[in-house]
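As structure tokens, the structure follows; a few thoughts come after it.
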Amino acid sequence: MRNLLLIFAILLLCFNTYGQRTHGLEVRLYGGRIIPHRIGMDALAQPSASGEINYYFSTRTDNFYDVKYRFPKHGFGVNYNYFWNHKVLGSALAAYSFMDFSLFEKQWFGLGLRVNAGLAYMSSKYDAVSNPDNIAVSTSMCFYFNLSINEVFNLPAGYGLKLSQGFLHYSNGNVKKPNLGLNNIFVSIALSKDILTRDYTRERVDYQEKLSPHEAWIMGTCTTSDEFSEGYNGRGGGFICSTAAVGYSYQYGKIGKVGASFDMFYNDNMKYFYYPDERGLVQLYDKFSDIIKFGFCVGHQLVYHRFELATYIGVYVYNKVWAYDWVYTRFGARYYVADFMFLNLTLHANGMKARYIECGIGFSCRRWGRD
């Protein structure tokens with residue numbers, strides 16, 4: 001009887017335990033160099049050194065996304081970056097979240113891909129009088145992005161050694177000029193330690209199972225941006241920019257969608273033109289029909305639970321001002337806070353030139369067309 005009770009208890013534990021969650025800490029040191037990716041940035045191309053501390057967790061369950069993405073590590077961290085030309089660029093303090101994906105893994109060695117995204121405080125910024133050489137950054141707050149390839153060595157007792165090569169980027173998304181941004185290539189070394197492992201008994205539900213693969217959506221965004229007025233001087237920012245879009249997506253599998261959208265763009269900066277003479281900044285347009293742009297784009301969304309990485313490319317079908325820009329891109333993220341609503345944060349750009357950040361909200365319909 002005792003053996004039967006023991007077997008029943010073990011079976012009960014198995015049915016209620018869906019996996020394990022491991023928590024850990026990581027310390028990382030960087031060495032890098034600023035890359036002059038635009039004309040006039042050669043003087044900024046100097047070394048940098050930084051360090052960061054990260055908290056991470058990894059959940060091992062039989063959930064589709066956990067298995068498909070090889071049980072990625074999620075986490076939060078802070079990074080401090082010191083630039084050698086400190087009088088011009090100062091330093092940067094970033095707070096971010098990250099995901100660490102395993103591309104290949106054996107018992108003691110693995111390869112990984114890591115993405116950090118967050119906000120950074122820049123201690124120095126452009127000023128036409130006191131700091132005219134910092135043409136990379138004009139606001140104290142900037143977006144922070146870090147992408148790296150990692151070689152991971154698994155050590156005893158939950159320790160890990162990681163060598164990485166990658167690049168990081170600081171930008172304000174064209175909120176204020178000048179905004180050439182900073183691109184920093186680097187190599188780094190990190191030491192991590194798993195500090196706690198617990199049974200994970202919360203079932204990880206795939207919310208998309210009850211939804212149709214067909215999705216109709218609408219989206220609206222509103223933000224501000226800036227353009228140059230004279231040399232590296234901006235117009236001061238605060239020019240309203242907005243995107244309205246209606247689209248369709250088809251989810252061909254659990255990790256991907258393909259789709260298309262019809263977009264309308266408005267950018268207040270397009271009313272003005274700067275003449276390099278006594279006229280200066282002149283408003284040339286005042287009609288809404290002159291400023292508005294329409295476009296059609298196609299793209300892909302990489303799905304991980306409720307988070308989606310969106311990559312779209314399109315062409316303008318109506319574009320009176322700045323008509324030389326006929327191709328545009330949209331790159332960024334969406335997060336579905338509910339089955340019918342998502343938050344959008346994407347960059348609207350023409351080639352390598354950022355126009356503005358599409359920050360807004362969208363609504364989705366996926367109840368129709370279900371089997």
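Identifiers for the structure tokens are assigned positionally: chains receive A, B, ... in sequence, residues are indexed from 1 per chain, and ligands are indexed from 1 in the order shown.
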
**OP:** Please identify all polymer residues within 10 Å of A:Tyr335, counting only C-alpha atoms, omitting same-chain residues fewer than 5 positions from it, and present them as a PyMOL selection string.
**Re:** chain A and resi 303-309+341-345+361-362

May I have the selected residues written with C-alpha atoms, as a tab-separated table (two decimals), in the first residue's frame?
```
chain	number	residue	atom	x	y	z
A	303	VAL	CA	6.37	35.59	-33.47
A	304	TYR	CA	7.42	34.76	-29.92
A	305	HIS	CA	4.39	34.39	-27.64
A	306	ARG	CA	2.76	37.86	-27.71
A	307	PHE	CA	5.87	39.64	-28.97
A	308	GLU	CA	6.43	40.11	-32.71
A	309	LEU	CA	9.41	41.49	-34.63
A	341	MET	CA	-5.08	45.03	-29.29
A	342	PHE	CA	-1.33	45.58	-29.74
A	343	LEU	CA	1.26	48.25	-28.94
A	344	ASN	CA	3.46	49.32	-31.83
A	345	LEU	CA	7.01	50.72	-31.76
A	361	ILE	CA	-1.69	51.42	-30.77
A	362	GLY	CA	-3.41	48.97	-33.07
```

**OP:** Would you mind listing what lies within 7 Å of A:Ala349 as a ChimeraX atom specification, with only C-alpha atoms counted and same-chain residues fewer than 6 positions away left out?
**Re:** /A:328-330,355

Subject >> Distance in Å - atom CA of A:Asn267 versus atom CA of A:Leu302 >> reply: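 Here the two named atoms are 28.5 Å from each other.
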
Subject >> Nearest to A:Phe64 by atom-to-atom distance, counting only C-alpha atoms, from A:Lys254, A:Arg334, A:Lys287, A:Lys271 >> reply: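 Residue with the minimum atom-to-atom distance to A:Phe64: A:Lys254.
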
Original post:
Which is closest to A:Thr201 among A:Gln20, A:Val152, A:Asn183, A:Ser91, if we use only C-alpha atoms?
Top reply: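 Ranking A:Gln20, A:Val152, A:Asn183, A:Ser91 by distance to A:Thr201, first place goes to A:Gln20.
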
Closest contacts (stretch 47-111 of chain A/stretch 26-33 of chain A, max 8 Å, only C-alpha atoms) as a Markdown table:
```
| residue | atom | partner | partner_atom | distance |
| --- | --- | --- | --- | --- |
| A:Pro47 | CA | A:Arg33 | CA | 4.1 |
| A:Ser48 | CA | A:Gly32 | CA | 5.1 |
| A:Ala49 | CA | A:Gly31 | CA | 4.8 |
| A:Ser50 | CA | A:Tyr30 | CA | 5.0 |
| A:Gly51 | CA | A:Leu29 | CA | 4.5 |
| A:Glu52 | CA | A:Arg28 | CA | 5.3 |
| A:Ile53 | CA | A:Val27 | CA | 4.6 |
| A:Asn54 | CA | A:Glu26 | CA | 5.0 |
| A:Tyr55 | CA | A:Glu26 | CA | 6.4 |
| A:Tyr56 | CA | A:Glu26 | CA | 7.8 |
```

Mind writing the picked residues with C-alpha atoms as an mmCIF file, in the first residue's frame?
```
data_model
loop_
_atom_site.group_PDB
_atom_site.id
_atom_site.type_symbol
_atom_site.label_atom_id
_atom_site.label_comp_id
_atom_site.auth_asym_id
_atom_site.auth_seq_id
_atom_site.Cartn_x
_atom_site.Cartn_y
_atom_site.Cartn_z
ATOM 1 C CA PRO A 47 37.774 53.672 -28.460
ATOM 2 C CA SER A 48 35.183 53.004 -25.790
ATOM 3 C CA ALA A 49 35.033 50.815 -22.700
ATOM 4 C CA SER A 50 31.973 49.647 -20.823
ATOM 5 C CA GLY A 51 30.615 47.243 -18.254
ATOM 6 C CA GLU A 52 27.224 45.866 -17.387
ATOM 7 C CA ILE A 53 25.394 43.699 -14.880
ATOM 8 C CA ASN A 54 22.414 41.554 -15.855
ATOM 9 C CA TYR A 55 19.722 39.482 -14.179
ATOM 10 C CA TYR A 56 18.300 36.635 -16.268
#
```

**OP:** Quick one: everything within 7 Å of A:Cys241, counting only C-alpha atoms, minus sequence neighbours fewer than 4 positions away in the same chain. Send it as a list in words.
**Re:** Cys222, Thr223, Thr224, Ser225, Tyr266, Asn267 and Asp268 of chain A

Subject >> Straight-line distance linking atom CA of A:Ser229 with atom CA of A:His348, stated in Å to one decimal >> reply: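 Interatomic distance, atom CA of A:Ser229 to atom CA of A:His348: 20.9 Å.
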
Subject >> Close residues, A:Gly280 itself excluded, 12 Å, only C-alpha atoms, min 3 positions apart in chain, as a VMD selection string >> reply: chain A and resid 228 to 231 235 272 to 277 283 to 284

Original post:
Hey, which of A:Val327, A:Cys142, A:Leu196, A:Ala216 ends up closest to A:Gly181? Count only C-alpha atoms.
Top reply: A:Cys142

**OP:** List the neighbours of A:Leu161 out to 10 Å using only C-alpha atoms; skip same-chain residues closer than 5 positions along the sequence, and give me the result as an NGL selection string.
**Re:** :A and (26 or 28 or 109 or 150-155 or 189-193)

Original post:
So, counting only C-alpha atoms, which residue among A:Gly24, A:Gly236, A:Gly259, A:Gly220 is closest to A:Asp127?
Top reply: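 That would be A:Gly236, the residue with the smallest distance to A:Asp127.
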
Original post:
Between atom CA of A:Asn350 and atom CA of A:Val246, what is the spacing in Å?
Top reply: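 So the answer is 20.1 Å.
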
Subject >> Sel. of helix (DSSP H, G or I) residues, stretch 120-361 of chain A, as a list of chain:residue names >> reply: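 The residues of stretch 120-361 of chain A classed as helix (DSSP H, G or I) are A:Pro156, A:Ala157, A:Gly158, A:Tyr207, A:Gln208, A:Glu209, A:Lys210, A:Asp268, A:Asn269, A:Met270, A:Lys271, A:Phe288, A:Ser289, A:Asp290, A:Ile291.
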
Can you write just those residues out, N, CA and C atoms, as a PDB file, in the first residue's frame?
```
ATOM      1  N   PRO A 156      31.463  24.123 -14.515  1.00  0.00           N
ATOM      2  CA  PRO A 156      30.809  23.435 -13.392  1.00  0.00           C
ATOM      3  C   PRO A 156      30.136  24.418 -12.424  1.00  0.00           C
ATOM      4  N   ALA A 157      29.249  23.869 -11.618  1.00  0.00           N
ATOM      5  CA  ALA A 157      28.581  24.592 -10.525  1.00  0.00           C
ATOM      6  C   ALA A 157      27.730  25.747 -11.018  1.00  0.00           C
ATOM      7  N   GLY A 158      27.190  25.667 -12.226  1.00  0.00           N
ATOM      8  CA  GLY A 158      26.294  26.692 -12.733  1.00  0.00           C
ATOM      9  C   GLY A 158      26.960  27.934 -13.277  1.00  0.00           C
ATOM     10  N   TYR A 207      -1.716  31.475 -26.502  1.00  0.00           N
ATOM     11  CA  TYR A 207      -2.967  32.205 -26.682  1.00  0.00           C
ATOM     12  C   TYR A 207      -3.437  32.186 -28.134  1.00  0.00           C
ATOM     13  N   GLN A 208      -2.544  31.924 -29.099  1.00  0.00           N
ATOM     14  CA  GLN A 208      -2.926  31.978 -30.500  1.00  0.00           C
ATOM     15  C   GLN A 208      -3.650  30.725 -30.975  1.00  0.00           C
ATOM     16  N   GLU A 209      -3.688  29.674 -30.156  1.00  0.00           N
ATOM     17  CA  GLU A 209      -4.339  28.442 -30.581  1.00  0.00           C
ATOM     18  C   GLU A 209      -5.827  28.637 -30.857  1.00  0.00           C
ATOM     19  N   LYS A 210      -6.461  29.557 -30.137  1.00  0.00           N
ATOM     20  CA  LYS A 210      -7.895  29.759 -30.308  1.00  0.00           C
ATOM     21  C   LYS A 210      -8.228  30.807 -31.359  1.00  0.00           C
ATOM     22  N   ASP A 268       5.027  66.922 -40.447  1.00  0.00           N
ATOM     23  CA  ASP A 268       4.932  68.386 -40.443  1.00  0.00           C
ATOM     24  C   ASP A 268       6.187  69.059 -40.999  1.00  0.00           C
ATOM     25  N   ASN A 269       7.332  68.374 -40.920  1.00  0.00           N
ATOM     26  CA  ASN A 269       8.583  68.943 -41.422  1.00  0.00           C
ATOM     27  C   ASN A 269       8.545  69.210 -42.923  1.00  0.00           C
ATOM     28  N   MET A 270       7.716  68.477 -43.629  1.00  0.00           N
ATOM     29  CA  MET A 270       7.705  68.591 -45.085  1.00  0.00           C
ATOM     30  C   MET A 270       7.076  69.898 -45.573  1.00  0.00           C
ATOM     31  N   LYS A 271       6.518  70.686 -44.664  1.00  0.00           N
ATOM     32  CA  LYS A 271       6.003  72.005 -45.050  1.00  0.00           C
ATOM     33  C   LYS A 271       7.127  72.994 -45.346  1.00  0.00           C
ATOM     34  N   PHE A 288      -2.962  70.224 -46.694  1.00  0.00           N
ATOM     35  CA  PHE A 288      -2.842  68.851 -46.193  1.00  0.00           C
ATOM     36  C   PHE A 288      -2.552  67.893 -47.340  1.00  0.00           C
ATOM     37  N   SER A 289      -3.138  68.115 -48.502  1.00  0.00           N
ATOM     38  CA  SER A 289      -2.956  67.236 -49.658  1.00  0.00           C
ATOM     39  C   SER A 289      -1.529  67.282 -50.194  1.00  0.00           C
ATOM     40  N   ASP A 290      -0.794  68.357 -49.914  1.00  0.00           N
ATOM     41  CA  ASP A 290       0.603  68.432 -50.339  1.00  0.00           C
ATOM     42  C   ASP A 290       1.526  67.626 -49.436  1.00  0.00           C
ATOM     43  N   ILE A 291       1.169  67.548 -48.170  1.00  0.00           N
ATOM     44  CA  ILE A 291       2.054  66.931 -47.176  1.00  0.00           C
ATOM     45  C   ILE A 291       1.802  65.437 -47.029  1.00  0.00           C
TER      46      ILE A 291
END
```

**OP:** Could you give me, as JSON, numbers by chain, each residue of stretch 81-262 of chain A that DSSP assigns to strand (DSSP E or B) when run on this structure's backbone?
**Re:** {"A": [81, 82, 83, 91, 92, 93, 94, 95, 96, 97, 98, 99, 100, 101, 102, 103, 104, 105, 109, 110, 111, 112, 113, 114, 115, 116, 117, 118, 119, 120, 121, 122, 127, 131, 141, 142, 143, 144, 145, 146, 147, 148, 149, 150, 151, 152, 153, 154, 159, 160, 161, 162, 163, 164, 165, 166, 167, 168, 169, 170, 171, 182, 183, 184, 185, 186, 187, 188, 189, 190, 191, 192, 193, 194, 195, 196, 197, 198, 199, 200, 214, 215, 216, 217, 218, 219, 220, 221, 222, 223, 224, 225, 228, 229, 230, 233, 234, 239, 240, 241, 242, 243, 244, 245, 246, 247, 248, 249, 250, 251, 252, 253, 256, 257, 258, 259, 260, 261, 262]}
